[in-house]
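Shown next: final-v4.tsv, containing TSV, C-alpha atoms.
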chain	number	residue	atom	x	y	z
A	1	MET	CA	0.00	0.00	0.00
A	2	VAL	CA	1.38	3.37	-1.02
A	3	ASN	CA	1.47	5.92	1.77
A	4	SER	CA	2.38	9.58	1.88
A	5	LYS	CA	5.91	8.86	3.14
A	6	MET	CA	6.69	6.68	0.12
A	7	ILE	CA	5.30	9.31	-2.24
A	8	SER	CA	7.36	12.05	-0.60
A	9	ASN	CA	10.51	9.87	-0.77
A	10	GLY	CA	9.86	9.22	-4.45
A	11	ILE	CA	9.46	12.92	-5.13
A	12	VAL	CA	12.67	13.70	-3.26
A	13	ARG	CA	14.59	11.05	-5.23
A	14	ALA	CA	13.20	12.35	-8.51
A	15	VAL	CA	14.20	15.91	-7.58
A	16	LEU	CA	17.69	14.72	-6.61
A	17	TYR	CA	18.04	12.79	-9.88
A	18	LEU	CA	16.97	15.84	-11.88
A	19	PHE	CA	19.34	18.03	-9.90
A	20	GLY	CA	22.16	15.56	-10.50
A	21	ILE	CA	21.47	15.44	-14.24
A	22	ALA	CA	21.33	19.24	-14.40
A	23	ALA	CA	24.59	19.53	-12.44
A	24	LEU	CA	26.27	16.99	-14.70
A	25	ALA	CA	25.05	18.79	-17.82
A	26	TYR	CA	26.32	22.10	-16.45
A	27	LEU	CA	29.69	20.53	-15.59
A	28	LEU	CA	30.00	19.11	-19.10
A	29	TYR	CA	29.15	22.55	-20.47
A	30	ILE	CA	31.83	24.19	-18.31
A	31	ILE	CA	34.54	21.73	-19.36
A	32	THR	CA	33.59	21.82	-23.05
A	33	PRO	CA	37.03	23.29	-23.93
A	34	LEU	CA	38.59	20.14	-22.49
A	35	PHE	CA	36.74	17.99	-25.01
A	36	ILE	CA	37.83	20.37	-27.76
A	37	TYR	CA	41.46	20.01	-26.62
A	38	ILE	CA	41.11	16.22	-26.63
A	39	GLY	CA	39.63	16.33	-30.13
A	40	PHE	CA	42.50	18.45	-31.47
A	41	ALA	CA	45.02	16.25	-29.65
A	42	PHE	CA	43.47	13.18	-31.27
A	43	VAL	CA	43.82	14.82	-34.69
A	44	LEU	CA	47.48	15.69	-33.97
A	45	ALA	CA	48.08	12.12	-32.83
A	46	LEU	CA	46.61	10.82	-36.09
A	47	ILE	CA	48.86	13.16	-38.07
A	48	GLY	CA	51.91	12.48	-35.90
A	49	ASN	CA	51.64	8.69	-35.77
A	50	PRO	CA	53.07	8.20	-39.31
A	51	ILE	CA	56.00	10.44	-38.32
A	52	VAL	CA	56.65	8.38	-35.19
A	53	VAL	CA	56.52	5.14	-37.20
A	54	LEU	CA	58.88	6.60	-39.81
A	55	LEU	CA	61.42	7.70	-37.19
A	56	ARG	CA	61.32	4.31	-35.48
A	57	LYS	CA	61.64	2.26	-38.67
A	58	LYS	CA	64.04	4.37	-40.70
A	59	LEU	CA	66.24	5.89	-37.98
A	60	HIS	CA	65.73	3.13	-35.39
A	61	LEU	CA	65.00	5.64	-32.64
A	62	SER	CA	63.28	4.75	-29.38
A	63	LYS	CA	59.57	5.35	-29.13
A	64	LEU	CA	59.96	8.09	-26.50
A	65	LEU	CA	62.52	9.96	-28.59
A	66	SER	CA	60.41	9.59	-31.74
A	67	VAL	CA	57.37	10.99	-29.94
A	68	CYS	CA	59.41	13.87	-28.50
A	69	ILE	CA	60.73	14.77	-31.96
A	70	THR	CA	57.22	14.63	-33.41
A	71	ILE	CA	55.80	16.88	-30.68
A	72	SER	CA	58.77	19.22	-31.14
A	73	ILE	CA	57.90	19.51	-34.84
A	74	PHE	CA	54.33	20.48	-33.93
A	75	LEU	CA	55.60	22.92	-31.29
A	76	ALA	CA	58.01	24.52	-33.76
A	77	PHE	CA	55.13	24.96	-36.18
A	78	PHE	CA	52.96	26.71	-33.56
A	79	VAL	CA	55.83	28.90	-32.35
A	80	GLY	CA	56.63	29.87	-35.93
A	81	PHE	CA	52.97	30.69	-36.43
A	82	ILE	CA	52.95	32.95	-33.37
A	83	PHE	CA	56.16	34.80	-34.26
A	84	MET	CA	54.95	35.20	-37.83
A	85	PHE	CA	51.45	36.51	-37.20
A	86	ILE	CA	51.28	38.03	-33.72
A	87	PRO	CA	53.43	41.05	-34.68
A	88	LEU	CA	51.11	41.65	-37.62
A	89	PHE	CA	48.05	41.60	-35.37
A	90	THR	CA	49.61	43.83	-32.71
A	91	THR	CA	50.82	46.32	-35.31
A	92	GLN	CA	47.38	46.51	-36.88
A	93	ALA	CA	45.80	46.85	-33.43
A	94	HIS	CA	48.11	49.78	-32.62
A	95	ASN	CA	47.42	51.44	-35.95
A	96	LEU	CA	43.67	51.06	-35.51
A	97	SER	CA	43.78	52.29	-31.91
A	98	VAL	CA	45.15	55.66	-33.09
A	99	LEU	CA	43.17	55.68	-36.32
A	100	ASN	CA	40.79	58.52	-37.12
A	101	ASN	CA	37.61	56.58	-37.82
A	102	THR	CA	36.00	59.63	-39.42
A	103	HIS	CA	38.86	59.84	-41.91
A	104	LEU	CA	38.56	56.09	-42.58
A	105	GLN	CA	34.84	56.53	-43.20
A	106	GLU	CA	35.56	59.36	-45.63
A	107	ASP	CA	38.09	57.17	-47.47
A	108	PHE	CA	35.52	54.40	-47.72
A	109	ASN	CA	32.91	56.83	-49.02
A	110	GLY	CA	35.55	58.05	-51.48
A	111	LEU	CA	35.96	54.50	-52.72
A	112	ILE	CA	32.19	54.27	-53.24
A	113	TYR	CA	32.33	57.56	-55.16
A	114	LYS	CA	35.10	56.24	-57.44
A	115	ILE	CA	33.12	53.07	-58.14
A	116	ASP	CA	30.01	55.15	-58.87
A	117	HIS	CA	31.98	57.46	-61.17
A	118	TYR	CA	33.30	54.48	-63.10
A	119	PHE	CA	29.92	52.78	-63.50
A	120	SER	CA	28.10	56.03	-64.29
A	121	ASN	CA	29.96	56.04	-67.61
A	122	LYS	CA	28.34	52.66	-68.25
A	123	GLY	CA	24.85	54.01	-67.57
A	124	VAL	CA	24.55	52.57	-64.04
A	125	SER	CA	24.17	54.88	-61.03
A	126	LEU	CA	25.61	52.95	-58.13
A	127	ASN	CA	25.40	55.99	-55.83
A	128	ASN	CA	21.61	56.17	-56.22
A	129	ILE	CA	21.33	52.51	-55.26
A	130	ILE	CA	23.49	53.03	-52.17
A	131	GLN	CA	21.57	56.16	-51.08
A	132	THR	CA	18.25	54.40	-51.57
A	133	SER	CA	19.33	51.48	-49.35
A	134	ASN	CA	21.07	53.79	-46.78
A	135	LEU	CA	24.15	51.59	-47.16
A	136	LYS	CA	26.59	54.37	-46.30
A	137	ASP	CA	24.89	55.04	-42.99
A	138	SER	CA	24.92	51.37	-42.08
A	139	LEU	CA	28.59	50.87	-42.95
A	140	LYS	CA	30.15	52.18	-39.75
A	141	LEU	CA	33.74	51.23	-39.20
A	142	ASP	CA	33.93	51.99	-35.47
A	143	PHE	CA	33.67	48.27	-34.75
A	144	VAL	CA	37.07	47.53	-36.30
A	145	PRO	CA	39.26	48.42	-33.26
A	146	ASN	CA	36.96	46.49	-30.92
A	147	LEU	CA	37.10	43.51	-33.26
A	148	LEU	CA	40.90	43.59	-33.24
A	149	ASN	CA	40.96	43.79	-29.43
A	150	ALA	CA	38.64	40.82	-29.16
A	151	LEU	CA	40.83	38.92	-31.62
A	152	LEU	CA	43.91	39.66	-29.54
A	153	GLY	CA	42.06	38.38	-26.47
A	154	VAL	CA	41.41	35.10	-28.27
A	155	ILE	CA	45.05	34.86	-29.30
A	156	SER	CA	46.14	35.36	-25.68
A	157	GLN	CA	44.29	32.14	-24.82
A	158	PHE	CA	45.82	30.37	-27.77
A	159	GLY	CA	49.01	29.53	-25.90
A	160	ILE	CA	47.14	27.68	-23.15
A	161	GLY	CA	45.20	25.68	-25.72
A	162	VAL	CA	48.35	24.80	-27.67
A	163	PHE	CA	50.11	23.57	-24.52
A	164	ALA	CA	47.11	21.46	-23.49
A	165	VAL	CA	46.70	19.95	-26.95
A	166	LEU	CA	50.40	19.10	-27.29
A	167	PHE	CA	50.52	17.64	-23.78
A	168	ILE	CA	47.54	15.36	-24.45
A	169	ALA	CA	48.81	14.44	-27.93
A	170	PHE	CA	52.17	13.45	-26.41
A	171	PHE	CA	50.57	10.81	-24.22
A	172	PHE	CA	48.26	9.69	-27.03
A	173	LEU	CA	51.37	8.90	-29.07
A	174	LYS	CA	53.56	7.66	-26.22
A	175	ASP	CA	50.99	5.42	-24.52
A	176	LYS	CA	49.11	4.33	-27.61
A	177	VAL	CA	49.56	0.63	-26.81
A	178	LEU	CA	48.52	1.14	-23.18
A	179	LEU	CA	45.44	3.11	-24.18
A	180	GLU	CA	44.49	0.47	-26.69
A	181	TYR	CA	44.89	-2.21	-24.00
A	182	GLN	CA	42.65	-0.31	-21.59
A	183	PHE	CA	40.18	0.23	-24.40
A	184	LYS	CA	40.10	-3.47	-25.18
A	185	LYS	CA	39.34	-4.30	-21.55
A	186	ALA	CA	36.22	-2.14	-21.72
A	187	ILE	CA	34.91	-3.88	-24.85
A	188	PRO	CA	32.62	-6.92	-24.56
A	189	LEU	CA	34.55	-10.00	-25.65
A	190	GLN	CA	32.10	-10.96	-28.41
A	191	HIS	CA	32.57	-7.56	-30.12
A	192	GLU	CA	36.29	-7.10	-29.52
A	193	ASN	CA	37.55	-8.10	-32.97
A	194	ARG	CA	35.07	-5.95	-34.84
A	195	VAL	CA	35.64	-2.92	-32.61
A	196	ILE	CA	39.43	-3.19	-32.91
A	197	SER	CA	39.15	-3.59	-36.68
A	198	SER	CA	36.91	-0.49	-36.84
A	199	VAL	CA	39.33	1.57	-34.77
A	200	ASP	CA	42.28	0.55	-36.95
A	201	LYS	CA	40.43	1.47	-40.15
A	202	ILE	CA	39.26	4.78	-38.69
A	203	ASN	CA	42.80	5.65	-37.60
A	204	ASN	CA	44.16	4.82	-41.03
A	205	LEU	CA	41.50	6.73	-42.98
A	206	LEU	CA	41.47	9.80	-40.75
A	207	SER	CA	45.27	9.97	-40.61
A	208	ARG	CA	45.41	10.09	-44.40
A	209	TYR	CA	42.53	12.57	-44.50
A	210	PHE	CA	44.03	15.07	-42.04
A	211	ILE	CA	47.48	14.83	-43.63
A	212	GLY	CA	45.87	15.48	-47.01
A	213	LEU	CA	43.89	18.38	-45.55
A	214	LEU	CA	47.06	19.88	-44.09
A	215	THR	CA	48.78	19.53	-47.47
A	216	GLN	CA	45.82	21.17	-49.19
A	217	THR	CA	45.93	24.11	-46.76
A	218	CYS	CA	49.65	24.63	-47.33
A	219	ILE	CA	49.18	24.59	-51.11
A	220	ILE	CA	46.35	27.15	-50.92
A	221	PHE	CA	48.44	29.34	-48.60
A	222	ILE	CA	51.50	29.31	-50.87
A	223	MET	CA	49.55	30.02	-54.06
A	224	SER	CA	47.49	32.76	-52.39
A	225	PHE	CA	50.60	34.42	-50.95
A	226	ILE	CA	52.38	34.38	-54.32
A	227	LEU	CA	49.32	35.91	-56.00
A	228	LEU	CA	48.79	38.67	-53.42
A	229	ALA	CA	52.49	39.49	-53.10
A	230	SER	CA	52.90	39.74	-56.87
A	231	VAL	CA	50.00	42.20	-57.01
A	232	GLY	CA	51.51	44.21	-54.13
A	233	VAL	CA	48.73	43.84	-51.56
A	234	ASN	CA	49.62	45.03	-48.06
A	235	GLY	CA	49.68	42.20	-45.51
A	236	SER	CA	49.81	39.50	-48.19
A	237	LEU	CA	51.10	36.89	-45.74
A	238	MET	CA	48.30	37.35	-43.23
A	239	ILE	CA	45.59	37.53	-45.89
A	240	ALA	CA	46.88	34.38	-47.61
A	241	PHE	CA	46.89	32.52	-44.31
A	242	LEU	CA	43.33	33.68	-43.58
A	243	CYS	CA	42.18	32.47	-47.01
A	244	ALA	CA	43.90	29.11	-46.49
A	245	VAL	CA	42.23	28.62	-43.08
A	246	LEU	CA	38.81	29.66	-44.40
A	247	ASN	CA	39.26	27.11	-47.18
A	248	LEU	CA	38.83	24.41	-44.50
A	249	ILE	CA	35.14	25.37	-44.37
A	250	PRO	CA	33.61	23.43	-47.27
A	251	TYR	CA	32.05	25.39	-50.13
A	252	ILE	CA	31.34	28.71	-48.35
A	253	GLY	CA	34.82	29.17	-46.85
A	254	PRO	CA	36.59	29.77	-50.18
A	255	LEU	CA	33.91	32.30	-51.19
A	256	ILE	CA	34.38	34.25	-47.95
A	257	GLY	CA	38.17	34.14	-48.24
A	258	ASN	CA	38.13	35.29	-51.86
A	259	GLY	CA	35.76	38.14	-51.04
A	260	LEU	CA	37.97	39.32	-48.17
A	261	ALA	CA	41.07	39.14	-50.39
A	262	ILE	CA	39.41	41.35	-53.01
A	263	ILE	CA	38.28	43.86	-50.36
A	264	PHE	CA	41.77	44.05	-48.83
A	265	THR	CA	43.23	44.49	-52.32
A	266	MET	CA	40.96	47.45	-53.05
A	267	LEU	CA	41.71	49.02	-49.67
A	268	SER	CA	45.45	48.61	-50.29
A	269	PHE	CA	45.17	50.82	-53.39
A	270	LEU	CA	42.54	53.18	-52.03
A	271	GLY	CA	44.46	56.35	-52.89
A	272	ASP	CA	45.32	55.34	-56.45
A	273	ASN	CA	43.39	55.85	-59.65
A	274	PHE	CA	40.40	53.53	-59.56
A	275	THR	CA	40.11	52.69	-63.25
A	276	GLU	CA	43.85	52.37	-63.89
A	277	VAL	CA	45.09	50.78	-60.65
A	278	THR	CA	42.46	49.73	-58.10
A	279	LEU	CA	40.02	47.94	-60.40
A	280	PRO	CA	42.70	46.07	-62.46
A	281	LYS	CA	44.42	44.91	-59.26
A	282	ALA	CA	41.12	43.67	-57.82
A	283	LEU	CA	40.25	41.86	-61.05
A	284	THR	CA	43.70	40.25	-61.11
A	285	VAL	CA	43.20	38.94	-57.57
A	286	LEU	CA	39.69	37.74	-58.46
A	287	ILE	CA	40.88	35.83	-61.53
A	288	GLY	CA	43.87	34.46	-59.62
A	289	PHE	CA	41.72	33.11	-56.81
A	290	LEU	CA	39.31	31.57	-59.32
A	291	ILE	CA	42.27	29.70	-60.84
A	292	ILE	CA	43.47	28.63	-57.38
A	293	GLN	CA	40.01	27.29	-56.53
A	294	LEU	CA	39.84	25.51	-59.87
A	295	ILE	CA	43.15	23.77	-59.13
A	296	ASP	CA	41.95	22.93	-55.63
A	297	ASN	CA	38.60	21.54	-56.81
A	298	VAL	CA	40.00	19.55	-59.74
A	299	ILE	CA	43.22	18.20	-58.19
A	300	ASN	CA	43.44	18.60	-54.40
A	301	GLN	CA	39.96	17.71	-53.20
A	302	PRO	CA	39.43	14.59	-55.35
A	303	LEU	CA	42.76	13.22	-54.14
A	304	ILE	CA	41.88	13.86	-50.50
A	305	PHE	CA	38.27	12.70	-50.54
A	306	SER	CA	38.55	9.80	-52.95
A	307	ASN	CA	41.84	8.33	-51.76
A	308	SER	CA	41.58	9.01	-48.02
A	309	VAL	CA	37.94	8.64	-46.96
A	310	LYS	CA	36.81	6.51	-49.92
A	311	SER	CA	33.68	8.54	-50.67
A	312	HIS	CA	32.15	9.90	-53.86
A	313	PRO	CA	32.21	13.73	-54.22
A	314	LEU	CA	28.39	13.88	-54.53
A	315	GLU	CA	28.10	11.74	-51.40
A	316	ILE	CA	30.45	14.14	-49.60
A	317	PHE	CA	28.39	17.12	-50.78
A	318	PHE	CA	25.14	15.76	-49.32
A	319	VAL	CA	26.85	14.81	-46.05
A	320	ILE	CA	28.43	18.27	-45.61
A	321	LEU	CA	25.14	19.96	-46.48
A	322	ALA	CA	23.21	17.84	-43.96
A	323	PHE	CA	25.74	18.39	-41.16
A	324	GLY	CA	25.77	22.11	-41.93
A	325	MET	CA	22.00	22.28	-41.54
A	326	VAL	CA	22.24	20.56	-38.16
A	327	ALA	CA	25.35	22.13	-36.60
A	328	GLY	CA	26.32	25.09	-38.79
A	329	ILE	CA	29.93	25.75	-39.78
A	330	LEU	CA	31.39	23.42	-37.14
A	331	GLY	CA	29.16	20.67	-38.46
A	332	MET	CA	30.42	21.24	-41.99
A	333	ILE	CA	34.04	21.01	-40.82
A	334	ALA	CA	33.44	17.84	-38.77
A	335	ALA	CA	31.14	16.22	-41.34
A	336	ILE	CA	33.68	14.14	-43.27
A	337	PRO	CA	35.59	12.69	-40.27
A	338	PHE	CA	32.36	11.85	-38.44
A	339	TYR	CA	30.76	10.34	-41.54
A	340	THR	CA	33.88	8.26	-42.15
A	341	CYS	CA	33.63	6.84	-38.63
A	342	LEU	CA	29.97	5.99	-39.18
A	343	LYS	CA	30.77	4.19	-42.45
A	344	VAL	CA	33.51	2.08	-40.86
A	345	VAL	CA	31.32	1.14	-37.89
A	346	GLY	CA	28.42	0.33	-40.22
A	347	LYS	CA	30.61	-1.92	-42.37
A	348	GLU	CA	31.82	-3.86	-39.33
A	349	PHE	CA	28.56	-4.20	-37.38
A	350	LEU	CA	25.87	-4.01	-40.11
A	351	PRO	CA	27.50	-5.71	-43.10
A	352	ASN	CA	24.33	-7.47	-44.29
A	353	ILE	CA	22.23	-4.34	-44.82
A	354	ARG	CA	22.06	-3.46	-48.51
A	355	PHE	CA	22.20	0.31	-47.96
A	356	VAL	CA	25.35	-0.05	-45.83
A	357	GLN	CA	26.91	-2.33	-48.44
A	358	ILE	CA	26.42	0.32	-51.15
A	359	LEU	CA	27.92	3.13	-49.05
A	360	THR	CA	30.89	1.09	-47.81
A	361	LYS	CA	31.74	-0.71	-51.05
A	362	LYS	CA	35.09	1.09	-51.38
A	363	LEU	CA	36.18	0.58	-47.75
What does the file become when written as structure tokens?
Amino acid sequence: MVNSKMISNGIVRAVLYLFGIAALAYLLYIITPLFIYIGFAFVLALIGNPIVVLLRKKLHLSKLLSVCITISIFLAFFVGFIFMFIPLFTTQAHNLSVLNNTHLQEDFNGLIYKIDHYFSNKGVSLNNIIQTSNLKDSLKLDFVPNLLNALLGVISQFGIGVFAVLFIAFFFLKDKVLLEYQFKKAIPLQHENRVISSVDKINNLLSRYFIGLLTQTCIIFIMSFILLASVGVNGSLMIAFLCAVLNLIPYIGPLIGNGLAIIFTMLSFLGDNFTEVTLPKALTVLIGFLIIQLIDNVINQPLIFSNSVKSHPLEIFFVILAFGMVAGILGMIAAIPFYTCLKVVGKEFLPNIRFVQILTKKL
């Protein structure tokens, strides 16, 4: 028979359970950066594992020394990145902190006037369109210094994140066998072989994918820098790096990067003759980036997607689009690695399903 005491105890337990779930969810939310660090460390471990294997097989080094050299390579890369780009950011921040925003606004309006003067000869009044839409009033540049300050604040936390990622990646590489042993102990015996096979395939595919992605980024950076430097754009190195990083965002990233490169090119030649200097320089950058994207789409991406993750380009397109609808830009970036994991797991655990067989035929 249920009495009031039992009901009250049940309510108390339910409240405590809900409180515990809420506290756990809040704790997981607070330590979200930790999971991000682990994810980046896992990616570095996937990239670094072939280097460790190469050092051990070719140079016959100990595992600890091979791992230390690999981590040192990553550290040297990050330190080089900081020394290369931090001075550029700090210099720009100083320049913007003492910048006369009213003068900058006048220069921007002057650029609009030059564009309107050029197109008015073609029978198009750009100035009327801008005045009708109140675009000049909405384009306030006072946010630029605040944006730079916020960016510097993010960079100040970058060092902590780099140290945490490298520290975790070191033990991922050093204690790989131990971690795999502990992982095996947690797997039910009847599924052990399939799980281990899935993990090995995932490691192999994702290692090749991230190495290919890193190669693709370096190629985009080098070609973009050569293009911008040859045109004479101020800050070519930083702009090329930004375009290469944005290229990691599928489909929309290259468009954003190319648009920013054209804007920076026009601003670099703001005081020159628009028809003779500014417009030809901008068109040169536009055509150059179109060629770079053509090379990337025809050569780089098919090699990475087809040879590393074993997926058809149309299949990749639908997956990226679906993940982007669910989780935005981060979903688009994580779409291919996550989908690759799902395909490997499906092939191992659901091999008799026809749909899975079609998707995993190349694995």
For a quick check of your reading of the model, name the residues lying within 12 Å of the coordinate (38.0, 34.8, -59.4), counting all atoms listed in the file, and write them as a list in words. Ser224, Leu227, Pro254, Leu255, Gly257, Asn258, Gly259, Ala261, Ile262, Lys281, Ala282, Leu283, Thr284, Val285, Leu286, Ile287, Gly288, Phe289, Leu290, Ile291, Ile292, Gln293 and Leu294 of chain A
Take the residues just selected and output them with C-alpha atoms as a PDB file, in the coordinates of the input.
ATOM      1  CA  SER A 224      47.490  32.760 -52.390  1.00  0.00           C
ATOM      2  CA  LEU A 227      49.320  35.910 -56.000  1.00  0.00           C
ATOM      3  CA  PRO A 254      36.590  29.770 -50.180  1.00  0.00           C
ATOM      4  CA  LEU A 255      33.910  32.300 -51.190  1.00  0.00           C
ATOM      5  CA  GLY A 257      38.170  34.140 -48.240  1.00  0.00           C
ATOM      6  CA  ASN A 258      38.130  35.290 -51.860  1.00  0.00           C
ATOM      7  CA  GLY A 259      35.760  38.140 -51.040  1.00  0.00           C
ATOM      8  CA  ALA A 261      41.070  39.140 -50.390  1.00  0.00           C
ATOM      9  CA  ILE A 262      39.410  41.350 -53.010  1.00  0.00           C
ATOM     10  CA  LYS A 281      44.420  44.910 -59.260  1.00  0.00           C
ATOM     11  CA  ALA A 282      41.120  43.670 -57.820  1.00  0.00           C
ATOM     12  CA  LEU A 283      40.250  41.860 -61.050  1.00  0.00           C
ATOM     13  CA  THR A 284      43.700  40.250 -61.110  1.00  0.00           C
ATOM     14  CA  VAL A 285      43.200  38.940 -57.570  1.00  0.00           C
ATOM     15  CA  LEU A 286      39.690  37.740 -58.460  1.00  0.00           C
ATOM     16  CA  ILE A 287      40.880  35.830 -61.530  1.00  0.00           C
ATOM     17  CA  GLY A 288      43.870  34.460 -59.620  1.00  0.00           C
ATOM     18  CA  PHE A 289      41.720  33.110 -56.810  1.00  0.00           C
ATOM     19  CA  LEU A 290      39.310  31.570 -59.320  1.00  0.00           C
ATOM     20  CA  ILE A 291      42.270  29.700 -60.840  1.00  0.00           C
ATOM     21  CA  ILE A 292      43.470  28.630 -57.380  1.00  0.00           C
ATOM     22  CA  GLN A 293      40.010  27.290 -56.530  1.00  0.00           C
ATOM     23  CA  LEU A 294      39.840  25.510 -59.870  1.00  0.00           C
TER      24      LEU A 294
END
Give me the residues near A:Met332 as a PDB file with C-alpha atoms, keeping the file's coordinate frame, where near means some atom within 10 Å (using all atoms listed in the file) and where sequence neighbours in that chain fewer than 3 positions away do not count.
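Result saved to part.pdb:
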ATOM      1  CA  LEU A 248      38.830  24.410 -44.500  1.00  0.00           C
ATOM      2  CA  ILE A 249      35.140  25.370 -44.370  1.00  0.00           C
ATOM      3  CA  PRO A 250      33.610  23.430 -47.270  1.00  0.00           C
ATOM      4  CA  TYR A 251      32.050  25.390 -50.130  1.00  0.00           C
ATOM      5  CA  ILE A 252      31.340  28.710 -48.350  1.00  0.00           C
ATOM      6  CA  PHE A 317      28.390  17.120 -50.780  1.00  0.00           C
ATOM      7  CA  VAL A 319      26.850  14.810 -46.050  1.00  0.00           C
ATOM      8  CA  ILE A 320      28.430  18.270 -45.610  1.00  0.00           C
ATOM      9  CA  LEU A 321      25.140  19.960 -46.480  1.00  0.00           C
ATOM     10  CA  ALA A 322      23.210  17.840 -43.960  1.00  0.00           C
ATOM     11  CA  PHE A 323      25.740  18.390 -41.160  1.00  0.00           C
ATOM     12  CA  GLY A 324      25.770  22.110 -41.930  1.00  0.00           C
ATOM     13  CA  MET A 325      22.000  22.280 -41.540  1.00  0.00           C
ATOM     14  CA  VAL A 326      22.240  20.560 -38.160  1.00  0.00           C
ATOM     15  CA  ALA A 327      25.350  22.130 -36.600  1.00  0.00           C
ATOM     16  CA  GLY A 328      26.320  25.090 -38.790  1.00  0.00           C
ATOM     17  CA  ILE A 329      29.930  25.750 -39.780  1.00  0.00           C
ATOM     18  CA  ALA A 335      31.140  16.220 -41.340  1.00  0.00           C
ATOM     19  CA  ILE A 336      33.680  14.140 -43.270  1.00  0.00           C
TER      20      ILE A 336
END
So how far away is atom CA of A:Leu166 from atom CA of A:Ser72, in Å? 9.2 Å
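Rounded to one decimal, atom CA of A:Ile202 and atom CA of A:Ser308 lie 10.5 Å from each other.
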Please tell me which residues are no farther than 10 Å from (32.3, 7.0, -42.1) in the file, counting all atoms listed in the file, and write them as a ChimeraX atom specification. /A:202,205-206,309-311,335-347,359-360,363
So, counting all atoms listed in the file, which residue among A:Val298, A:Leu34, A:Leu44, A:Leu279 is closest to A:Leu75?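 Looking at the shortest contact to A:Leu75, the residue is A:Leu44.
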Could you jot down the atom CA of A:Ile211 to atom CA of A:Leu55 separation for me, Å, one decimal place? 16.9 Å
Rank A:Leu18, A:Met238, A:Val245, A:Ile71 by their smallest atom-to-atom distance to A:Ile47, using all atoms listed in the file, and report the top residue only.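 Using all atoms listed in the file, A:Ile47 sits closest to A:Ile71.
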Selected residue, from A:Phe318, A:Ile333, A:Leu189, A:Leu260, that lies nearest to A:Ser236 when counting all atoms listed in the file: A:Leu260
Using only C-alpha atoms, determine which residues lie at most 12 Å from A:Ile69, disregarding the query and same-chain residues fewer than 6 positions distant; provide the list as an NGL selection string. :A and (48-49 or 51-56 or 61-63 or 75-76 or 170 or 173-174)
I need the residues from that last selection saved to file as a tab-separated table (two decimals), keeping the file's coordinate frame (with C-alpha atoms), if you can.
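And here is the file that came out, again-v7.tsv:
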chain	number	residue	atom	x	y	z
A	48	GLY	CA	51.91	12.48	-35.90
A	49	ASN	CA	51.64	8.69	-35.77
A	51	ILE	CA	56.00	10.44	-38.32
A	52	VAL	CA	56.65	8.38	-35.19
A	53	VAL	CA	56.52	5.14	-37.20
A	54	LEU	CA	58.88	6.60	-39.81
A	55	LEU	CA	61.42	7.70	-37.19
A	56	ARG	CA	61.32	4.31	-35.48
A	61	LEU	CA	65.00	5.64	-32.64
A	62	SER	CA	63.28	4.75	-29.38
A	63	LYS	CA	59.57	5.35	-29.13
A	75	LEU	CA	55.60	22.92	-31.29
A	76	ALA	CA	58.01	24.52	-33.76
A	170	PHE	CA	52.17	13.45	-26.41
A	173	LEU	CA	51.37	8.90	-29.07
A	174	LYS	CA	53.56	7.66	-26.22
With only C-alpha atoms as the atoms that count, which of A:Ala164, A:Ser268, A:Val277, A:Gln301 lies nearest to A:Ile220?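 Looking only at the distances to A:Ile220, the closest residue turns out to be A:Gln301.
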Could you rebuild stretch 322-329 of chain A with N, CA, C and O atoms and give it back as a PDB file, in the frame of the given file?
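Saved file rebuild.pdb follows:
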ATOM      1  N   ALA A 322      24.067  18.289 -45.056  1.00  0.00           N
ATOM      2  CA  ALA A 322      23.210  17.840 -43.960  1.00  0.00           C
ATOM      3  C   ALA A 322      23.799  18.238 -42.600  1.00  0.00           C
ATOM      4  O   ALA A 322      23.085  18.745 -41.728  1.00  0.00           O
ATOM      5  N   PHE A 323      25.102  18.019 -42.415  1.00  0.00           N
ATOM      6  CA  PHE A 323      25.740  18.390 -41.160  1.00  0.00           C
ATOM      7  C   PHE A 323      25.722  19.901 -40.956  1.00  0.00           C
ATOM      8  O   PHE A 323      25.609  20.384 -39.821  1.00  0.00           O
ATOM      9  N   GLY A 324      25.844  20.664 -42.040  1.00  0.00           N
ATOM     10  CA  GLY A 324      25.770  22.110 -41.930  1.00  0.00           C
ATOM     11  C   GLY A 324      24.405  22.592 -41.493  1.00  0.00           C
ATOM     12  O   GLY A 324      24.288  23.550 -40.721  1.00  0.00           O
ATOM     13  N   MET A 325      23.352  21.924 -41.963  1.00  0.00           N
ATOM     14  CA  MET A 325      22.000  22.280 -41.540  1.00  0.00           C
ATOM     15  C   MET A 325      21.782  22.003 -40.059  1.00  0.00           C
ATOM     16  O   MET A 325      21.053  22.722 -39.375  1.00  0.00           O
ATOM     17  N   VAL A 326      22.440  20.960 -39.554  1.00  0.00           N
ATOM     18  CA  VAL A 326      22.240  20.560 -38.160  1.00  0.00           C
ATOM     19  C   VAL A 326      23.116  21.368 -37.208  1.00  0.00           C
ATOM     20  O   VAL A 326      22.656  21.861 -36.171  1.00  0.00           O
ATOM     21  N   ALA A 327      24.397  21.539 -37.548  1.00  0.00           N
ATOM     22  CA  ALA A 327      25.350  22.130 -36.600  1.00  0.00           C
ATOM     23  C   ALA A 327      26.112  23.315 -37.160  1.00  0.00           C
ATOM     24  O   ALA A 327      27.135  23.693 -36.595  1.00  0.00           O
ATOM     25  N   GLY A 328      25.686  23.892 -38.269  1.00  0.00           N
ATOM     26  CA  GLY A 328      26.320  25.090 -38.790  1.00  0.00           C
ATOM     27  C   GLY A 328      27.713  24.822 -39.346  1.00  0.00           C
ATOM     28  O   GLY A 328      28.007  23.750 -39.876  1.00  0.00           O
ATOM     29  N   ILE A 329      28.591  25.829 -39.205  1.00  0.00           N
ATOM     30  CA  ILE A 329      29.930  25.750 -39.780  1.00  0.00           C
ATOM     31  C   ILE A 329      30.744  24.633 -39.138  1.00  0.00           C
ATOM     32  O   ILE A 329      31.464  23.892 -39.825  1.00  0.00           O
TER      33      ILE A 329
END
